[in-house]
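K.L.:
Quick one: the structure is below, questions incoming.
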Amino acid sequence: MNTSAILYLGSRGLAAVGNLLAVAIFTRIVGPEEYGRYVLIFAWSMIVYGFSAQWMRFAYFGTYQSSRLNEYVASLAQLHLAALAMLSVGFAAMVLSGTFDAEFLWAIFALVFGMTLYESVFEVTRTVPNPAAGALSMIMRTSLIVVFGSALLWCGGGAIGLAYAIAAAHLLAAVPCLMTFSSVRLSQSSRSACVGMLKYGWPLLLSFGVTAIGQSIDRLLLAHFLGTAILGPYGVIADLMRQSFSVVGEAIILALGTQAKLHANEGNIAAADRELRKSFNACLAAACFGAAFFFVFGDIVVQVLLGARFADESRELIPIFALAFAFMTMRNFYFGQVIYFSGSSYLELVMSILFVIVSSVLSIVLIPKYGAYGAAVSLTVAFSASCIMCIVLGRYHYPMPIDLVGLRSIAILAIGFVGLAWLIDQVVAQPRIALAIKGVLFVIAAAIMMRKFGLLRSTEVIAAGPAGKVDARPRAAVAE
């Protein structure tokens, strides 16, 4: 069994359940308008985070060397401290100028600070590697979000209080990861490591900021044209579904992507490709079966978790979001990983610019006329265009393996399940019985897929031939 994959997937699964619980509680304490205000705060936080600190953790992962780990960790910490110091000065200047709401700005800064610390230490723990500490941090973060967020909202903290609660949860959840490299000192940093991360990461600084704008432009325009009462249901359903897809996608890159990068750093391209090939099948399964799940069960899930106040407003958005985040999964968690194997980080910037152009243009055209439906369509088209372009351009730098057998089999299984679910609805008169049958069919289809492609087994077991030898064919023989 692939222990890292099981730890990451299990912890992300538990974290996802906790996050769903958090959303269910939060949306019942506050109404659509106040929750929409929090969605607006979080959207601006992601834009600031994208342009300030997010790129650093990816630059670290793309450049670190195992033999100089402490040096790179200390250098990453110095870069983060510098970025946060400049950010705090900028925010203080905006508050003193009196042109911005101070509460709104400091809530954004608190979220950015919390996310920066948590995400950076988690990235380091991934490369130590210590999956147990990472898993514990993920579970702690979700648990603390539920506890802190519920308490602040119950006490009347509103959107601002919820932002501070989530920031505090990120800070405390970073402790287990911090303990894994507590012996590292800032004095161990080096100019060469900092310069290396800056050279590799400057395109990522622009690309993540641009991507954050592209992923938030629909929300900003919805709030501008239709108000936070419309943004609330749209944002909570989008976040619910995005997170559901991201749970598995993040587990895949944490386990399989990390191993592939380690093999590539060692020059073992055949082993790296085996991990990437398995990662492709895992991401495809997450995308296809995730979309199939929401096509069939999405309305019920939203009704149960969010209640009528949120669900009735945006029920027709569920299938569109399912397609959007299926494309997002393949783009972010598989084909987008090409930047770590080709050294061409500018590809992420190109994809981000394409994404924000498509998303912005369509949002401006569609939202005033079609409202939330137009916003969802613009997001879907932007993700699909970005994914296709990432596949095309990425193959010129490092051909990410594509398993054609897996592509056919997984797609057929997912489409077949959706077709059978539709047929069951036509034949079975009792909704509860029909729901139970569809649930059993989904579990069976997922189990068949996981067994066929060995998604929870280590790659060495999968690659072993009849004599128990690991398949060591050259790259050209396993790429496609």
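Residues are referred to by chain and number: the chain letter is A, B, ... according to the order shown in the structure tokens, the number counts from 1 in that chain, and ligands are numbered separately from 1 in the order shown.
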Once you count only C-alpha atoms, what closest atom pair and distance in Å to one decimal does each residue of range 171-207 of chain A within 6 Å of range 52-63 of chain A have, with rows by chain and rising residue number, as JSON lines?

P.N.:
{"residue": "A:Met197", "atom": "CA", "partner": "A:Ala59", "partner_atom": "CA", "distance": 5.3}
{"residue": "A:Gly201", "atom": "CA", "partner": "A:Ala59", "partner_atom": "CA", "distance": 4.8}
{"residue": "A:Leu204", "atom": "CA", "partner": "A:Trp55", "partner_atom": "CA", "distance": 5.2}
{"residue": "A:Leu205", "atom": "CA", "partner": "A:Trp55", "partner_atom": "CA", "distance": 5.0}

K.L.:
Go ahead and dump the residues you just picked, N, CA and C atoms, as a tab-separated table (two decimals), in the first residue's frame.

P.N.:
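Output file result03.tsv is given in full below:
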chain	number	residue	atom	x	y	z
A	197	MET	N	15.49	30.78	-5.82
A	197	MET	CA	14.03	30.77	-5.71
A	197	MET	C	13.42	31.98	-6.41
A	201	GLY	N	10.99	31.72	-9.37
A	201	GLY	CA	9.63	32.00	-8.94
A	201	GLY	C	9.02	33.29	-9.42
A	204	LEU	N	6.00	32.95	-11.34
A	204	LEU	CA	4.91	32.42	-10.53
A	204	LEU	C	4.25	33.53	-9.73
A	205	LEU	N	5.04	34.54	-9.30
A	205	LEU	CA	4.46	35.67	-8.58
A	205	LEU	C	3.36	36.31	-9.41

K.L.:
Excluding range 326-333 of chain A and any residue of its chain fewer than 2 positions from it, enumerate the residues within 9 Å of it, using only C-alpha atoms, and give them as a PyMOL selection string.

P.N.:
chain A and resi 242+245-246+248-250+252-253+257+279-280+283-284+286-291+321-324+335-337+380+383-388+390-391

K.L.:
Between range 398-428 of chain A and range 435-447 of chain A, at 12 Å or less, what are the per-residue closest atom pairs and their distances in Å? Count only C-alpha atoms, order by chain and rising residue number, and return it as a Markdown table.

P.N.:
| residue | atom | partner | partner_atom | distance |
| --- | --- | --- | --- | --- |
| A:Ser409 | CA | A:Ala445 | CA | 11.0 |
| A:Ile410 | CA | A:Ala446 | CA | 9.3 |
| A:Ala411 | CA | A:Ala445 | CA | 11.2 |
| A:Ile412 | CA | A:Ala445 | CA | 10.3 |
| A:Leu413 | CA | A:Ala445 | CA | 6.5 |
| A:Ala414 | CA | A:Ala445 | CA | 7.6 |
| A:Ile415 | CA | A:Ala445 | CA | 10.5 |
| A:Gly416 | CA | A:Ala445 | CA | 9.0 |
| A:Phe417 | CA | A:Phe442 | CA | 6.7 |
| A:Val418 | CA | A:Phe442 | CA | 9.1 |
| A:Gly419 | CA | A:Lys438 | CA | 10.7 |
| A:Leu420 | CA | A:Lys438 | CA | 8.1 |
| A:Ala421 | CA | A:Lys438 | CA | 5.8 |
| A:Trp422 | CA | A:Lys438 | CA | 9.3 |
| A:Leu423 | CA | A:Lys438 | CA | 10.1 |
| A:Ile424 | CA | A:Lys438 | CA | 7.6 |
| A:Asp425 | CA | A:Leu435 | CA | 8.6 |
| A:Val427 | CA | A:Ile437 | CA | 11.6 |
| A:Val428 | CA | A:Ile437 | CA | 9.5 |

K.L.:
Env of Gly209 in chain A: 6 Å cut, atoms = only C-alpha atoms, seq-sep filter 2 positions within chain, self excluded. Answer as a PyMOL selection string.

P.N.:
chain A and resi 47+50-51+206-207+211-212

K.L.:
Residues of the last selection are to be written out with N, CA and C atoms, as a PDB file, in the first residue's frame.

P.N.:
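Below is the file that was written, out.pdb:
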ATOM      1  N   ILE A  47      -6.439  37.158  -3.882  1.00  0.00           N
ATOM      2  CA  ILE A  47      -5.713  37.990  -4.847  1.00  0.00           C
ATOM      3  C   ILE A  47      -4.439  38.539  -4.212  1.00  0.00           C
ATOM      4  N   GLY A  50      -1.995  35.729  -3.739  1.00  0.00           N
ATOM      5  CA  GLY A  50      -1.408  35.319  -5.009  1.00  0.00           C
ATOM      6  C   GLY A  50      -0.281  36.235  -5.455  1.00  0.00           C
ATOM      7  N   PHE A  51      -0.426  37.539  -5.218  1.00  0.00           N
ATOM      8  CA  PHE A  51       0.592  38.484  -5.656  1.00  0.00           C
ATOM      9  C   PHE A  51       1.710  38.686  -4.637  1.00  0.00           C
ATOM     10  N   LEU A 206       3.660  36.536 -10.688  1.00  0.00           N
ATOM     11  CA  LEU A 206       2.659  37.132 -11.576  1.00  0.00           C
ATOM     12  C   LEU A 206       1.536  36.142 -11.879  1.00  0.00           C
ATOM     13  N   SER A 207       1.910  34.885 -12.127  1.00  0.00           N
ATOM     14  CA  SER A 207       0.899  33.922 -12.573  1.00  0.00           C
ATOM     15  C   SER A 207      -0.120  33.622 -11.484  1.00  0.00           C
ATOM     16  N   THR A 211      -3.926  34.465 -11.733  1.00  0.00           N
ATOM     17  CA  THR A 211      -4.904  33.381 -11.588  1.00  0.00           C
ATOM     18  C   THR A 211      -5.931  33.713 -10.513  1.00  0.00           C
ATOM     19  N   ALA A 212      -5.472  34.286  -9.407  1.00  0.00           N
ATOM     20  CA  ALA A 212      -6.405  34.653  -8.340  1.00  0.00           C
ATOM     21  C   ALA A 212      -7.427  35.671  -8.836  1.00  0.00           C
TER      22      ALA A 212
END

K.L.:
Per residue of range 111-182 of chain A within 10 Å of range 25-29 of chain A, note the shortest atom pair and the distance in Å to one decimal, counting only C-alpha atoms, and order the rows by chain and increasing residue number, as a tab-separated table.

P.N.:
residue	atom	partner	partner_atom	distance
A:Val146	CA	A:Ile25	CA	8.1
A:Gly149	CA	A:Phe26	CA	7.5
A:Ser150	CA	A:Phe26	CA	6.5
A:Ala151	CA	A:Phe26	CA	9.9
A:Leu153	CA	A:Ile29	CA	6.8
A:Trp154	CA	A:Ile29	CA	6.8
A:Gly156	CA	A:Ile29	CA	9.4
A:Gly158	CA	A:Ile29	CA	9.4
A:Leu162	CA	A:Phe26	CA	9.0

K.L.:
If we count only C-alpha atoms and set the cut-off at 12 Å, which residues sit around range 181-186 of chain A, ignoring sequence neighbours fewer than 6 positions away in its own chain? Please answer as a count of residues only.

P.N.:
27

K.L.:
Restricting the calculation to only C-alpha atoms: of A:Tyr49, A:Tyr340, A:Phe148, A:Trp106, which residue gets closest to Ile213 in chain A?

P.N.:
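For Ile213 in chain A, the nearest of the given residues is A:Tyr49.
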
K.L.:
If I take CA of Cys194 in chain A and CA of Ala92 in chain A, how far is one from the other in Å, to one decimal?

P.N.:
26.9 Å

K.L.:
Identify which of the residues A:Trp202, A:Phe109, A:Tyr373, A:Phe295 lies closest to Trp44 in chain A, counting only C-alpha atoms when measuring atom-to-atom distances.

P.N.:
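Going through A:Trp202, A:Phe109, A:Tyr373, A:Phe295 one by one, the smallest distance to Trp44 in chain A is for A:Phe109.
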
K.L.:
Just to confirm, what's the straight-line distance from CA of Thr180 in chain A to CA of Met46 in chain A in Å (one decimal)?

P.N.:
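So the answer is 27.1 Å.
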
K.L.:
Could you give me, as JSON, numbers by chain, each residue of range 90-270 of chain A that DSSP assigns to alpha helix (DSSP H) when run on this structure's backbone?

P.N.:
{"A": [90, 91, 92, 93, 94, 95, 96, 97, 102, 103, 104, 105, 106, 107, 108, 109, 110, 111, 112, 113, 114, 115, 116, 117, 118, 119, 120, 121, 122, 123, 124, 125, 126, 127, 131, 132, 133, 134, 135, 136, 137, 138, 139, 140, 141, 142, 143, 144, 145, 146, 147, 148, 149, 150, 151, 152, 153, 154, 158, 159, 160, 161, 162, 163, 164, 165, 166, 167, 168, 169, 170, 171, 172, 173, 175, 176, 177, 178, 179, 180, 191, 192, 193, 194, 195, 196, 197, 198, 199, 200, 201, 202, 203, 204, 205, 206, 207, 208, 209, 210, 211, 212, 213, 214, 215, 216, 217, 218, 219, 220, 221, 222, 223, 224, 225, 226, 228, 229, 230, 231, 232, 233, 234, 235, 236, 237, 238, 239, 240, 241, 242, 243, 244, 245, 246, 247, 248, 249, 250, 251, 252, 258, 259, 260, 261, 262, 263, 264, 265, 269, 270]}

K.L.:
Find the spatial neighbours of Gln243 in chain A, counting only C-alpha atoms, within a cut-off of 9 Å - ignore same-chain residues fewer than 4 positions away - and output them as a ChimeraX atom specification.

P.N.:
/A:16,19,238-239,247

K.L.:
Give me a file of those residues, with C-alpha atoms, as a short mmCIF file (atom, residue, chain, number, x, y, z; two decimals), in the first residue's frame.

P.N.:
data_model
loop_
_atom_site.label_atom_id
_atom_site.label_comp_id
_atom_site.auth_asym_id
_atom_site.auth_seq_id
_atom_site.Cartn_x
_atom_site.Cartn_y
_atom_site.Cartn_z
CA ALA A 16 -13.16 17.84 3.73
CA ASN A 19 -15.06 21.77 6.03
CA ALA A 238 -18.66 27.05 -5.84
CA ASP A 239 -16.37 26.71 -2.81
CA VAL A 247 -9.35 17.16 -1.66
#

K.L.:
Using only C-alpha atoms, which of A:Ala167, A:Ile433, A:Leu21, A:Leu349 sits nearest Pro203 in chain A?

P.N.:
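With only C-alpha atoms as the atom set, the closest residue is A:Leu349.
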